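Structure file protein.cif; described as mmCIF, C-alpha atoms and all ligand atoms.
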data_query
loop_
_atom_site.label_atom_id
_atom_site.label_comp_id
_atom_site.auth_asym_id
_atom_site.auth_seq_id
_atom_site.Cartn_x
_atom_site.Cartn_y
_atom_site.Cartn_z
CA MET A 363 -112.05 38.64 24.21
CA GLU A 364 -112.46 41.95 22.45
CA LEU A 365 -114.42 44.73 24.07
CA ALA A 366 -116.74 47.06 22.21
CA HIS A 367 -115.04 50.02 20.52
CA ARG A 368 -117.47 52.40 22.23
CA MET A 369 -115.99 51.25 25.56
CA THR A 370 -112.32 51.21 24.68
CA ALA A 371 -112.56 54.56 22.86
CA LEU A 372 -113.97 56.41 25.88
CA THR A 373 -110.60 57.86 26.78
CA GLY A 374 -108.25 59.03 24.06
CA ASP A 375 -104.76 57.68 23.42
CA GLY A 376 -101.58 58.88 25.11
CA SER A 377 -101.13 61.26 28.04
CA ASP A 378 -104.40 62.72 29.23
CA GLY A 379 -102.72 65.61 31.07
CA TRP A 380 -103.77 64.22 34.45
CA ASP A 381 -100.27 63.00 35.43
CA VAL A 382 -99.78 65.90 37.86
CA PHE A 383 -103.04 65.07 39.57
CA TYR A 384 -102.11 61.39 40.01
CA LYS A 385 -98.59 62.31 41.15
CA ALA A 386 -100.01 64.73 43.76
CA ARG A 387 -102.46 62.10 45.01
CA ALA A 388 -99.65 59.52 45.31
CA LEU A 389 -97.42 61.98 47.22
CA LYS A 390 -100.30 62.84 49.54
CA LYS A 391 -100.85 59.16 50.25
CA GLN A 392 -97.19 58.86 51.20
CA GLY A 393 -97.76 61.61 53.78
CA HIS A 394 -96.44 64.68 51.92
CA PRO A 395 -98.34 67.89 52.83
CA ILE A 396 -99.65 68.58 49.32
CA ILE A 397 -101.99 71.51 48.81
CA GLU A 398 -104.45 70.27 46.22
CA LEU A 399 -105.92 72.93 44.00
CA THR A 400 -106.92 70.37 41.42
CA ILE A 401 -110.46 69.02 41.29
CA GLY A 402 -113.86 70.65 41.81
CA GLU A 403 -114.60 69.29 45.25
CA HIS A 404 -115.69 71.67 48.03
CA ASP A 405 -113.66 71.83 51.22
CA ILE A 406 -116.93 71.76 53.18
CA HIS A 407 -119.21 68.75 53.52
CA THR A 408 -122.92 68.48 52.73
CA HIS A 409 -124.84 70.66 55.21
CA VAL A 410 -125.92 68.78 58.36
CA ASP A 411 -129.54 69.83 57.84
CA ILE A 412 -129.52 68.20 54.39
CA LEU A 413 -128.04 65.04 55.91
CA ALA A 414 -130.72 65.12 58.60
CA ALA A 415 -133.42 65.33 55.91
CA MET A 416 -131.78 62.39 54.13
CA GLY A 417 -131.77 60.36 57.34
CA ARG A 418 -135.38 61.24 58.15
CA SER A 419 -136.47 60.11 54.69
CA ALA A 420 -134.50 56.85 54.81
CA ARG A 421 -135.71 56.00 58.32
CA GLY A 422 -139.23 56.90 57.20
CA GLY A 423 -139.01 54.12 54.63
CA HIS A 424 -138.11 55.88 51.38
CA THR A 425 -135.55 53.20 50.63
CA GLY A 426 -137.38 51.17 47.99
CA TYR A 427 -137.50 51.80 44.25
CA ALA A 428 -138.35 55.44 43.64
CA ALA A 429 -140.36 56.67 40.64
CA VAL A 430 -138.04 56.39 37.63
CA PRO A 431 -138.36 60.00 36.38
CA GLY A 432 -137.92 61.25 39.96
CA THR A 433 -140.27 62.14 42.81
CA GLU A 434 -143.02 64.63 42.06
CA GLY A 435 -141.80 66.81 44.90
CA LEU A 436 -138.25 67.16 43.61
CA ARG A 437 -139.23 67.51 39.96
CA THR A 438 -141.67 70.25 40.92
CA ALA A 439 -139.11 72.05 43.10
CA ILE A 440 -136.58 72.01 40.25
CA SER A 441 -139.13 73.13 37.65
CA ARG A 442 -140.14 76.08 39.88
CA ARG A 443 -136.53 77.11 40.36
CA ILE A 444 -135.93 76.96 36.59
CA GLU A 445 -139.17 78.84 35.86
CA GLN A 446 -138.16 81.59 38.29
CA GLN A 447 -134.68 81.90 36.79
CA SER A 448 -135.59 81.68 33.13
CA GLY A 449 -139.12 83.11 33.07
CA LEU A 450 -140.18 80.13 30.91
CA PRO A 451 -143.21 78.05 31.91
CA THR A 452 -141.71 74.82 33.25
CA THR A 453 -143.39 71.91 34.99
CA GLN A 454 -142.30 68.60 36.45
CA ASP A 455 -142.98 67.03 33.04
CA ASN A 456 -139.96 68.94 31.73
CA ILE A 457 -137.68 67.33 34.33
CA LEU A 458 -135.94 63.98 34.62
CA ILE A 459 -133.96 63.31 37.80
CA THR A 460 -130.61 61.59 37.17
CA PRO A 461 -127.78 60.19 39.29
CA GLY A 462 -125.68 63.36 38.92
CA GLY A 463 -124.96 65.81 36.14
CA GLN A 464 -122.55 63.41 34.43
CA SER A 465 -125.23 60.81 33.95
CA ALA A 466 -127.53 63.57 32.66
CA LEU A 467 -124.88 64.61 30.13
CA PHE A 468 -124.62 61.06 28.80
CA ALA A 469 -128.38 60.52 28.68
CA ALA A 470 -128.94 63.85 26.90
CA HIS A 471 -126.42 62.94 24.21
CA MET A 472 -127.93 59.47 23.89
CA ALA A 473 -131.30 61.12 23.31
CA VAL A 474 -130.19 63.25 20.36
CA LEU A 475 -127.29 61.45 18.65
CA ASN A 476 -127.21 58.49 16.32
CA PRO A 477 -123.97 56.53 15.90
CA GLY A 478 -121.70 58.40 13.49
CA ASP A 479 -123.35 61.79 14.06
CA ILE A 480 -121.06 64.76 14.68
CA ALA A 481 -121.38 66.25 18.16
CA LEU A 482 -119.69 69.57 18.96
CA TYR A 483 -118.25 70.86 22.21
CA CYS A 484 -116.06 73.79 23.16
CA ASP A 485 -112.35 73.42 23.96
CA PRO A 486 -111.24 74.02 26.77
CA TYR A 487 -113.70 71.50 28.12
CA TYR A 488 -114.69 69.57 31.23
CA ALA A 489 -112.63 66.40 31.13
CA THR A 490 -115.43 63.91 30.43
CA TYR A 491 -117.00 65.69 27.43
CA PRO A 492 -115.25 63.90 24.53
CA GLY A 493 -115.68 60.47 26.16
CA THR A 494 -119.32 61.16 26.96
CA ILE A 495 -119.96 61.85 23.28
CA ARG A 496 -117.87 58.90 22.08
CA GLY A 497 -119.76 56.63 24.47
CA THR A 498 -122.90 57.21 22.40
CA GLY A 499 -121.14 56.11 19.21
CA ALA A 500 -121.10 59.67 17.86
CA LEU A 501 -118.02 61.57 16.65
CA ASP A 502 -116.70 64.25 19.01
CA ARG A 503 -115.58 67.51 17.40
CA ALA A 504 -113.99 70.33 19.39
CA ILE A 505 -114.46 74.02 18.66
CA LEU A 506 -111.27 75.76 19.75
CA CYS A 507 -111.99 78.85 21.85
CA ASP A 508 -109.25 81.45 21.77
CA PRO A 509 -107.81 82.84 25.03
CA ALA A 510 -107.75 86.22 23.26
CA TYR A 511 -111.58 86.17 23.50
CA ASP A 512 -111.53 84.86 27.07
CA PHE A 513 -112.35 81.41 25.71
CA GLN A 514 -115.87 82.37 24.62
CA PRO A 515 -116.82 80.67 21.33
CA GLN A 516 -116.93 83.06 18.39
CA ALA A 517 -119.74 83.23 15.83
CA THR A 518 -117.48 82.42 12.86
CA ASP A 519 -116.01 79.35 14.56
CA LEU A 520 -119.44 78.11 15.61
CA GLU A 521 -120.74 78.61 12.09
CA ALA A 522 -117.78 76.78 10.51
CA ALA A 523 -118.08 73.82 12.90
CA ALA A 524 -121.87 73.50 12.67
CA ARG A 525 -122.12 72.29 9.08
CA GLY A 526 -123.15 68.64 9.19
CA ALA A 527 -123.22 68.50 12.99
CA ARG A 528 -126.19 67.40 15.09
CA SER A 529 -125.55 68.77 18.56
CA LEU A 530 -123.57 71.37 20.46
CA LEU A 531 -122.53 71.05 24.12
CA VAL A 532 -121.77 74.26 26.00
CA ASN A 533 -120.97 75.06 29.63
CA SER A 534 -121.41 78.39 31.39
CA PRO A 535 -120.29 79.24 34.06
CA ASN A 536 -117.40 77.34 32.60
CA ASN A 537 -115.14 74.66 33.91
CA PRO A 538 -112.16 74.99 33.49
CA THR A 539 -111.96 78.68 32.54
CA GLY A 540 -114.27 80.32 35.12
CA VAL A 541 -115.78 82.38 32.29
CA VAL A 542 -119.50 83.24 32.21
CA TYR A 543 -120.73 83.58 28.62
CA ASP A 544 -122.10 87.01 27.77
CA ARG A 545 -125.30 87.74 25.87
CA ALA A 546 -123.48 88.18 22.53
CA THR A 547 -121.99 84.70 22.86
CA TRP A 548 -125.38 83.21 23.68
CA GLU A 549 -126.98 84.98 20.72
CA ALA A 550 -124.28 83.54 18.43
CA ILE A 551 -124.81 80.07 19.89
CA ALA A 552 -128.59 80.31 19.47
CA GLN A 553 -128.33 81.61 15.90
CA THR A 554 -125.97 78.78 14.96
CA CYS A 555 -128.22 76.14 16.51
CA ILE A 556 -131.28 77.47 14.73
CA ALA A 557 -129.54 77.97 11.37
CA HIS A 558 -128.06 74.44 11.40
CA ASP A 559 -130.87 72.68 13.25
CA LEU A 560 -128.63 71.62 16.14
CA TRP A 561 -129.66 70.32 19.53
CA LEU A 562 -128.09 72.41 22.27
CA ILE A 563 -126.98 70.68 25.46
CA SER A 564 -126.38 73.36 28.06
CA ASP A 565 -124.38 72.26 31.09
CA GLU A 566 -125.39 74.66 33.86
CA VAL A 567 -124.09 72.81 36.90
CA TYR A 568 -122.29 75.97 38.13
CA ASP A 569 -125.32 78.27 37.81
CA THR A 570 -125.20 79.28 41.50
CA GLN A 571 -121.56 80.35 41.26
CA VAL A 572 -121.62 83.63 39.38
CA TRP A 573 -119.30 86.37 40.64
CA GLN A 574 -119.71 88.90 37.88
CA GLY A 575 -122.37 89.37 35.19
CA ALA A 576 -125.42 87.14 35.10
CA HIS A 577 -126.12 83.52 34.25
CA ILE A 578 -128.19 83.23 31.10
CA SER A 579 -129.84 79.91 30.35
CA PRO A 580 -130.04 79.54 26.55
CA ARG A 581 -133.32 77.64 26.84
CA SER A 582 -134.90 81.06 27.47
CA LEU A 583 -133.68 82.54 24.16
CA ASN A 584 -136.06 82.89 21.20
CA GLY A 585 -136.48 79.65 19.28
CA MET A 586 -134.34 77.62 21.70
CA GLN A 587 -136.81 76.02 24.10
CA GLU A 588 -137.65 73.06 21.85
CA ARG A 589 -134.03 72.28 20.95
CA THR A 590 -132.31 72.76 24.33
CA LEU A 591 -131.59 70.20 27.03
CA VAL A 592 -130.36 71.81 30.25
CA ILE A 593 -128.11 69.80 32.57
CA GLY A 594 -128.32 70.62 36.28
CA SER A 595 -126.89 69.14 39.45
CA MET A 596 -126.90 69.47 43.23
CA SER A 597 -123.16 68.65 43.32
CA LYS A 598 -121.72 72.15 43.11
CA SER A 599 -124.68 74.25 44.28
CA HIS A 600 -125.22 72.33 47.53
CA ALA A 601 -121.91 70.51 48.10
CA MET A 602 -123.65 67.20 47.36
CA THR A 603 -121.07 65.70 44.98
CA GLY A 604 -121.24 62.26 46.61
CA SER A 605 -125.03 62.11 46.63
CA ARG A 606 -125.02 61.82 42.83
CA ILE A 607 -128.10 63.81 42.00
CA GLY A 608 -128.80 65.94 38.95
CA TRP A 609 -131.37 66.50 36.26
CA ILE A 610 -132.21 67.18 32.64
CA CYS A 611 -134.72 69.89 31.76
CA GLY A 612 -136.11 69.68 28.26
CA PRO A 613 -139.20 69.40 26.05
CA VAL A 614 -141.86 67.05 27.48
CA GLY A 615 -141.60 64.57 24.59
CA VAL A 616 -137.84 64.26 25.04
CA ILE A 617 -138.18 63.78 28.80
CA GLU A 618 -140.67 60.95 28.14
CA HIS A 619 -138.10 59.16 25.98
CA LEU A 620 -135.35 59.88 28.50
CA THR A 621 -137.52 58.37 31.24
CA ASN A 622 -137.74 55.25 29.12
CA PHE A 623 -133.94 55.35 28.76
CA ALA A 624 -133.60 55.71 32.56
CA THR A 625 -135.83 52.66 33.01
CA HIS A 626 -133.34 50.68 30.95
CA THR A 627 -130.20 52.08 32.57
CA THR A 628 -130.26 53.65 36.04
CA TYR A 629 -133.83 52.77 37.09
CA GLY A 630 -133.97 56.06 38.95
CA VAL A 631 -132.28 57.68 41.93
CA PRO A 632 -132.67 56.66 45.61
CA GLY A 633 -135.77 58.29 47.14
CA PHE A 634 -134.00 59.45 50.31
CA ILE A 635 -131.38 61.28 48.22
CA GLN A 636 -134.15 62.96 46.25
CA ASP A 637 -135.93 63.99 49.46
CA ALA A 638 -132.67 65.46 50.77
CA ALA A 639 -132.26 67.39 47.52
CA GLN A 640 -135.83 68.66 47.74
CA PHE A 641 -135.16 69.81 51.30
CA ALA A 642 -131.96 71.54 50.16
CA LEU A 643 -133.80 73.40 47.38
CA SER A 644 -136.52 74.43 49.83
CA GLN A 645 -133.86 76.41 51.72
CA GLY A 646 -133.73 78.73 48.72
CA GLN A 647 -130.92 81.01 47.68
CA ALA A 648 -129.64 81.52 51.22
CA LEU A 649 -128.14 78.03 51.32
CA GLU A 650 -126.84 78.28 47.74
CA ASP A 651 -125.10 81.54 48.66
CA GLU A 652 -123.64 79.96 51.79
CA VAL A 653 -122.13 77.13 49.74
CA ALA A 654 -120.80 79.54 47.09
CA ALA A 655 -119.41 82.10 49.59
CA PRO A 656 -115.94 80.57 50.11
CA PHE A 657 -115.25 80.64 46.36
CA ARG A 658 -116.46 84.22 46.06
CA ARG A 659 -114.08 85.18 48.91
CA ARG A 660 -111.10 83.29 47.52
CA ARG A 661 -111.61 84.72 44.07
CA ARG A 662 -111.26 88.20 45.63
CA ILE A 663 -108.11 87.10 47.50
CA ALA A 664 -106.66 85.73 44.27
CA LEU A 665 -107.46 88.77 42.15
CA ASP A 666 -105.86 91.07 44.76
CA LEU A 667 -102.68 88.99 44.78
CA ILE A 668 -102.57 88.73 41.00
CA ALA A 669 -102.97 92.51 40.69
CA GLN A 670 -99.64 92.92 42.52
CA GLN A 671 -97.68 91.39 39.63
CA ASN A 672 -97.85 91.51 35.87
CA LEU A 673 -96.32 88.24 34.73
CA LEU A 674 -99.36 85.96 34.94
CA ARG A 675 -102.69 87.05 33.51
CA ALA A 676 -105.94 85.84 35.06
CA VAL A 677 -108.65 84.90 32.60
CA PRO A 678 -111.66 86.95 33.84
CA CYS A 679 -112.96 84.74 36.63
CA SER A 680 -116.68 85.51 36.52
CA GLY A 681 -117.99 82.21 37.83
CA ALA A 682 -117.37 78.65 39.06
CA MET A 683 -114.80 77.53 41.60
CA TYR A 684 -111.77 77.84 39.32
CA LEU A 685 -109.24 80.41 38.34
CA MET A 686 -107.50 80.06 34.99
CA LEU A 687 -104.05 81.66 34.79
CA ASP A 688 -102.15 82.37 31.60
CA ILE A 689 -98.57 81.32 32.42
CA ARG A 690 -97.14 81.66 28.90
CA ALA A 691 -94.89 84.53 30.02
CA THR A 692 -92.88 82.00 32.07
CA GLY A 693 -91.93 80.21 28.86
CA LEU A 694 -93.29 76.93 30.28
CA SER A 695 -96.17 74.76 29.16
CA GLY A 696 -99.00 74.35 31.65
CA GLU A 697 -97.86 70.78 32.22
CA ALA A 698 -94.21 71.70 32.86
CA PHE A 699 -95.25 74.54 35.17
CA ALA A 700 -97.61 72.31 37.16
CA HIS A 701 -94.99 69.57 37.59
CA ALA A 702 -92.30 72.06 38.61
CA LEU A 703 -94.64 73.79 41.08
CA LEU A 704 -95.57 70.48 42.64
CA ASP A 705 -91.91 69.47 42.98
CA ALA A 706 -90.78 72.83 44.37
CA HIS A 707 -93.70 73.83 46.60
CA GLN A 708 -95.94 70.78 46.99
CA ILE A 709 -98.78 72.72 45.40
CA ALA A 710 -100.88 70.80 42.87
CA VAL A 711 -102.73 72.64 40.09
CA MET A 712 -104.13 71.33 36.81
CA PRO A 713 -102.30 72.05 33.55
CA GLY A 714 -104.51 73.75 30.96
CA GLU A 715 -103.51 70.93 28.60
CA SER A 716 -105.69 68.58 30.70
CA PHE A 717 -108.70 70.37 29.25
CA GLY A 718 -107.86 70.29 25.57
CA GLN A 719 -105.62 72.23 23.21
CA ALA A 720 -107.00 75.73 23.61
CA ALA A 721 -105.85 76.16 27.21
CA ALA A 722 -102.23 75.14 26.57
CA GLY A 723 -99.88 77.47 28.44
CA HIS A 724 -102.45 77.95 31.19
CA ILE A 725 -103.06 76.40 34.59
CA ARG A 726 -106.34 75.90 36.39
CA VAL A 727 -106.38 76.65 40.09
CA ALA A 728 -109.33 75.18 42.01
CA MET A 729 -110.23 77.52 44.88
CA THR A 730 -111.01 74.58 47.12
CA VAL A 731 -108.82 74.92 50.22
CA ALA A 732 -109.26 77.09 53.34
CA ASP A 733 -108.58 80.80 52.85
CA ASP A 734 -105.24 80.88 54.70
CA HIS A 735 -103.88 77.87 52.78
CA PHE A 736 -105.24 79.32 49.56
CA THR A 737 -103.57 82.70 50.17
CA LYS A 738 -100.24 81.05 50.96
CA ALA A 739 -100.45 78.70 47.98
CA LEU A 740 -101.25 81.48 45.56
CA THR A 741 -98.51 83.72 46.99
CA ASP A 742 -96.01 80.87 46.56
CA LEU A 743 -97.30 80.13 43.08
CA LEU A 744 -96.84 83.73 41.97
CA SER A 745 -93.33 84.04 43.40
CA PHE A 746 -92.48 80.67 41.82
CA ALA A 747 -93.61 82.03 38.44
CA ALA A 748 -91.55 85.19 39.01
CA GLU A 749 -88.39 83.05 39.34
CA PHE A 750 -88.82 82.01 35.75
CA ASP A 751 -89.16 85.57 34.67
CA GLU A 752 -85.92 86.52 36.42
CA ASN A 753 -84.11 83.50 34.97
CA LYS A 754 -85.16 84.59 31.52
CA ARG A 755 -83.76 88.05 32.04
CA ARG A 756 -80.52 86.65 33.47
CA PHE A 757 -79.75 84.41 30.48
N1 LIG B 801 -120.28 69.41 34.24
C1 LIG B 801 -119.21 70.10 34.65
C2 LIG B 801 -118.78 71.29 33.87
C3 LIG B 801 -118.48 69.71 35.79
O1 LIG B 801 -117.43 70.42 36.18
C4 LIG B 801 -118.91 68.56 36.49
C5 LIG B 801 -118.16 68.07 37.65
O2 LIG B 801 -117.11 68.55 38.01
C6 LIG B 801 -120.05 67.87 36.01
C7 LIG B 801 -120.71 68.32 34.89
C8 LIG B 801 -120.55 66.62 36.68
O3 LIG B 801 -121.04 66.89 37.92
P1 LIG B 801 -121.91 65.82 38.75
O4 LIG B 801 -121.94 64.57 37.97
O5 LIG B 801 -121.21 65.69 40.06
O6 LIG B 801 -123.24 66.46 38.86
#

Can the structure in the file be given as structure tokens, please?
Amino acid sequence: MELAHRMTALTGDGSDGWDVFYKARALKKQGHPIIELTIGEHDIHTHVDILAAMGRSARGGHTGYAAVPGTEGLRTAISRRIEQQSGLPTTQDNILITPGGQSALFAAHMAVLNPGDIALYCDPYYATYPGTIRGTGALDRAILCDPAYDFQPQATDLEAAARGARSLLVNSPNNPTGVVYDRATWEAIAQTCIAHDLWLISDEVYDTQVWQGAHISPRSLNGMQERTLVIGSMSKSHAMTGSRIGWICGPVGVIEHLTNFATHTTYGVPGFIQDAAQFALSQGQALEDEVAAPFRRRRRIALDLIAQQNLLRAVPCSGAMYLMLDIRATGLSGEAFAHALLDAHQIAVMPGESFGQAAAGHIRVAMTVADDHFTKALTDLLSFAAEFDENKRRF
């Protein structure tokens, strides 16, 4: 029996650049001491107080069907947080609770795309983006972002891609590059969306992890409120990846339709998870800072180590839990480098090629292991890279 094209076309053809990741996982399973600097999973667990709140709620009976758009308490807490950050009036009617940011990304695209529409996203990209768009029946189109501009999309490229398109998906702080878009980039994005009547889907799941500069939510820019859907999540901000809880913030009319969509797909999110999320948000920035602190520390460790050599260049790591390194001076592709590093030192990193074409010749290092392991891994990685430099000079 033949499956629907929308299902079989979710992942592209050929190598998806995740071979190193699977190889590292297999080696680890066999008992090899692999240091995994691959995926965006914290090395801490969800805070015990959040788990206690979850337990209290579940034992208190919040285990039945919860309101489909989300509990009033959580929607209000999220709308207040967004209002404080963006300065824009925001109420619970602007919020739909979803089972994680990924589900929010899919629902947001479903809301604005018809089959055959062109949907834009920036390359390098978070691995699910093209499939999320294809899953709606729309056509995914990448905008290549040049490492020379620290992977921030440029006005001319946005303008060229926008003709005939219907939506644009952006992500800042960015996975995989660790770049936080600056105001000029946001102005160019907003101008393009307004000029070409595009919906903007702004993935802000790393908004609590900003090391340098400031997070700007494009919904707050002139003329953008009615065309922007913001994607949020508790995964990264509160180490709640397994709880699967996120949201969409958008115009009231869109949220009403998305609630209808949720009724026909997820039928909401467990009430005790929502209560735990509400409790977590009630702890304010102190808890968000606590969860972000290890990455802030490790970024400093990494930048200090990188400053001691001049072979690998770090893409300015202004946010998120990743460090993108330009390894082109070794003469290797990101994929070849990552495989060789895994074989030689049992350190697993992601090749830039896993995130599209634009990050070829780069590797992404997730800063997700304890400081001492991280320091050792990065020291080994840098001296491993230096071997290639010396080889080059020798031959
Ligand atoms: N967006 C980006 C950029 C991500 O990196 C991730 C997860 O790594 C997600 C969305 C999805 O997060 P979740 O579904 O856990 O909220």

For the contact check between chain A and ligand LIG 801 (chain B), emit one row per residue of chain A within 8 Å, containing the shortest atom pair and the distance in Å rounded to one decimal, counting only C-alpha atoms and all ligand atoms, chain then rising number order, as a Markdown table.
| residue | atom | partner | partner_atom | distance |
| --- | --- | --- | --- | --- |
| A:Ile401 | CA | B:LIG801 | O2 | 7.4 |
| A:Gly402 | CA | B:LIG801 | O2 | 5.4 |
| A:Glu403 | CA | B:LIG801 | O2 | 7.7 |
| A:Pro461 | CA | B:LIG801 | O4 | 7.4 |
| A:Gly462 | CA | B:LIG801 | O6 | 3.9 |
| A:Gly463 | CA | B:LIG801 | O6 | 3.3 |
| A:Gln464 | CA | B:LIG801 | O4 | 3.8 |
| A:Ser465 | CA | B:LIG801 | O4 | 6.4 |
| A:Ala466 | CA | B:LIG801 | O4 | 7.8 |
| A:Leu467 | CA | B:LIG801 | C7 | 7.3 |
| A:Tyr487 | CA | B:LIG801 | C2 | 7.7 |
| A:Tyr488 | CA | B:LIG801 | C2 | 5.2 |
| A:Asn533 | CA | B:LIG801 | C2 | 6.1 |
| A:Ser534 | CA | B:LIG801 | C2 | 8.0 |
| A:Asn536 | CA | B:LIG801 | C2 | 6.3 |
| A:Asn537 | CA | B:LIG801 | C2 | 5.0 |
| A:Pro538 | CA | B:LIG801 | O1 | 7.5 |
| A:Asp565 | CA | B:LIG801 | N1 | 5.9 |
| A:Glu566 | CA | B:LIG801 | N1 | 7.3 |
| A:Val567 | CA | B:LIG801 | N1 | 5.8 |
| A:Tyr568 | CA | B:LIG801 | C2 | 7.2 |
| A:Ile593 | CA | B:LIG801 | C7 | 7.9 |
| A:Gly594 | CA | B:LIG801 | O6 | 7.1 |
| A:Ser595 | CA | B:LIG801 | O6 | 4.6 |
| A:Met596 | CA | B:LIG801 | O6 | 6.4 |
| A:Ser597 | CA | B:LIG801 | O5 | 4.8 |
| A:Lys598 | CA | B:LIG801 | O5 | 7.2 |
| A:Met602 | CA | B:LIG801 | O5 | 7.8 |
| A:Thr603 | CA | B:LIG801 | O5 | 4.9 |
| A:Gly604 | CA | B:LIG801 | O5 | 7.4 |
| A:Arg606 | CA | B:LIG801 | O5 | 6.1 |
| A:Ile607 | CA | B:LIG801 | O6 | 6.4 |
| A:Gly608 | CA | B:LIG801 | O6 | 5.6 |

Considering all atoms listed in the file, can you say which of A:Ile725, A:Ala664, A:Val711, A:Val542 comes closest to Met686 in chain A?
A:Ile725

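Using all atoms listed in the file, the shortest contact distance between Ala414 in chain A and any of A:Ile440, A:Leu372, A:Ile635, A:Ile709 is found at A:Ile635.
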
Do a neighbour search on range 573-578 of chain A at 9 Å with all atoms listed in the file, toss out local chain neighbours closer than 4 positions, and write the hits as a list in words.
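My list of contacting residues is Gln447, Ser448, Ser534, Pro535, Val542, Tyr543, Asp544, Arg545, Trp548, Glu566, Asp569, Ser582, Leu583, Arg658, Arg661, Cys679, Ser680, Gly681 and Ala682 of chain A.
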
Which of these, A:Asp411, A:Ala429, A:Thr400, A:Arg581, has the shortest distance to Tyr384 in chain A once you count only C-alpha atoms?
A:Thr400

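The space separating CA of Ser605 in chain A from CA of Ser716 in chain A comes to 25.9 Å.
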
Between A:Ile617, A:Ile397, A:Phe468, A:Leu694, which is the closest to Lys738 in chain A once you count only C-alpha atoms?
A:Ile397

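Nearest to Ser599 in chain A of all the residues A:Gln446, A:Gln640, A:Asn456, A:Gln571 is A:Gln571, counting only C-alpha atoms.
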
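The gap separating CA of Glu549 in chain A from CA of Ile505 in chain A is 16.8 Å, in Å to one decimal.
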
Please list as a list in words every residue within 9 Å of Cys484 in chain A, counting all atoms listed in the file and excluding residues in the same chain fewer than 3 positions away.
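Using all atoms listed in the file, the neighbours found are Tyr487, Arg503, Ala504, Ile505, Leu506, Cys507, Phe513, Gln514, Pro515, Leu530, Leu531, Val532 and Asn533 of chain A.
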
Please dump the current selection as a CSV table (one decimal), keeping the file's coordinate frame; keep C-alpha atoms.
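And here's result_9.csv as it stands now:
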chain,number,residue,atom,x,y,z
A,487,TYR,CA,-113.7,71.5,28.1
A,503,ARG,CA,-115.6,67.5,17.4
A,504,ALA,CA,-114.0,70.3,19.4
A,505,ILE,CA,-114.5,74.0,18.7
A,506,LEU,CA,-111.3,75.8,19.8
A,507,CYS,CA,-112.0,78.8,21.8
A,513,PHE,CA,-112.4,81.4,25.7
A,514,GLN,CA,-115.9,82.4,24.6
A,515,PRO,CA,-116.8,80.7,21.3
A,530,LEU,CA,-123.6,71.4,20.5
A,531,LEU,CA,-122.5,71.0,24.1
A,532,VAL,CA,-121.8,74.3,26.0
A,533,ASN,CA,-121.0,75.1,29.6

Could you give me, as JSON, numbers by chain, the residues that sit within 12 Å of (-95.4, 75.3, 39.7) in the file's coordinates, counting all atoms listed in the file?
{"A": [382, 397, 399, 687, 689, 692, 694, 695, 696, 697, 698, 699, 700, 701, 702, 703, 704, 705, 706, 707, 708, 709, 710, 711, 712, 713, 724, 725, 726, 727, 739, 740, 741, 742, 743, 744, 745, 746, 747, 748, 749, 750]}

Distance in Å - CA of Val541 in chain A versus CA of Phe717 in chain A:
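Interatomic distance, CA of Val541 in chain A to CA of Phe717 in chain A: 14.3 Å.
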
Could you check the closest approach to Tyr511 in chain A for each of A:Ala527, A:Val677, A:Val731, A:Ala366 and tell me which residue wins, using only C-alpha atoms?
A:Val677

Excluding Gly493 in chain A and residues on its chain fewer than 4 positions from it, collect all residues at most 8 Å away from it, counting only C-alpha atoms, and give them as a compact mmCIF listing (two decimals) with C-alpha atoms, in the frame of the given file.
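Saved file part12.txt follows:
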# COMPACT_ATOMS: atom_id res chain seq x y z
CA ALA A 371 -112.56 54.56 22.86
CA LEU A 372 -113.97 56.41 25.88
CA THR A 373 -110.60 57.86 26.78
CA GLY A 374 -108.25 59.03 24.06
CA GLY A 497 -119.76 56.63 24.47
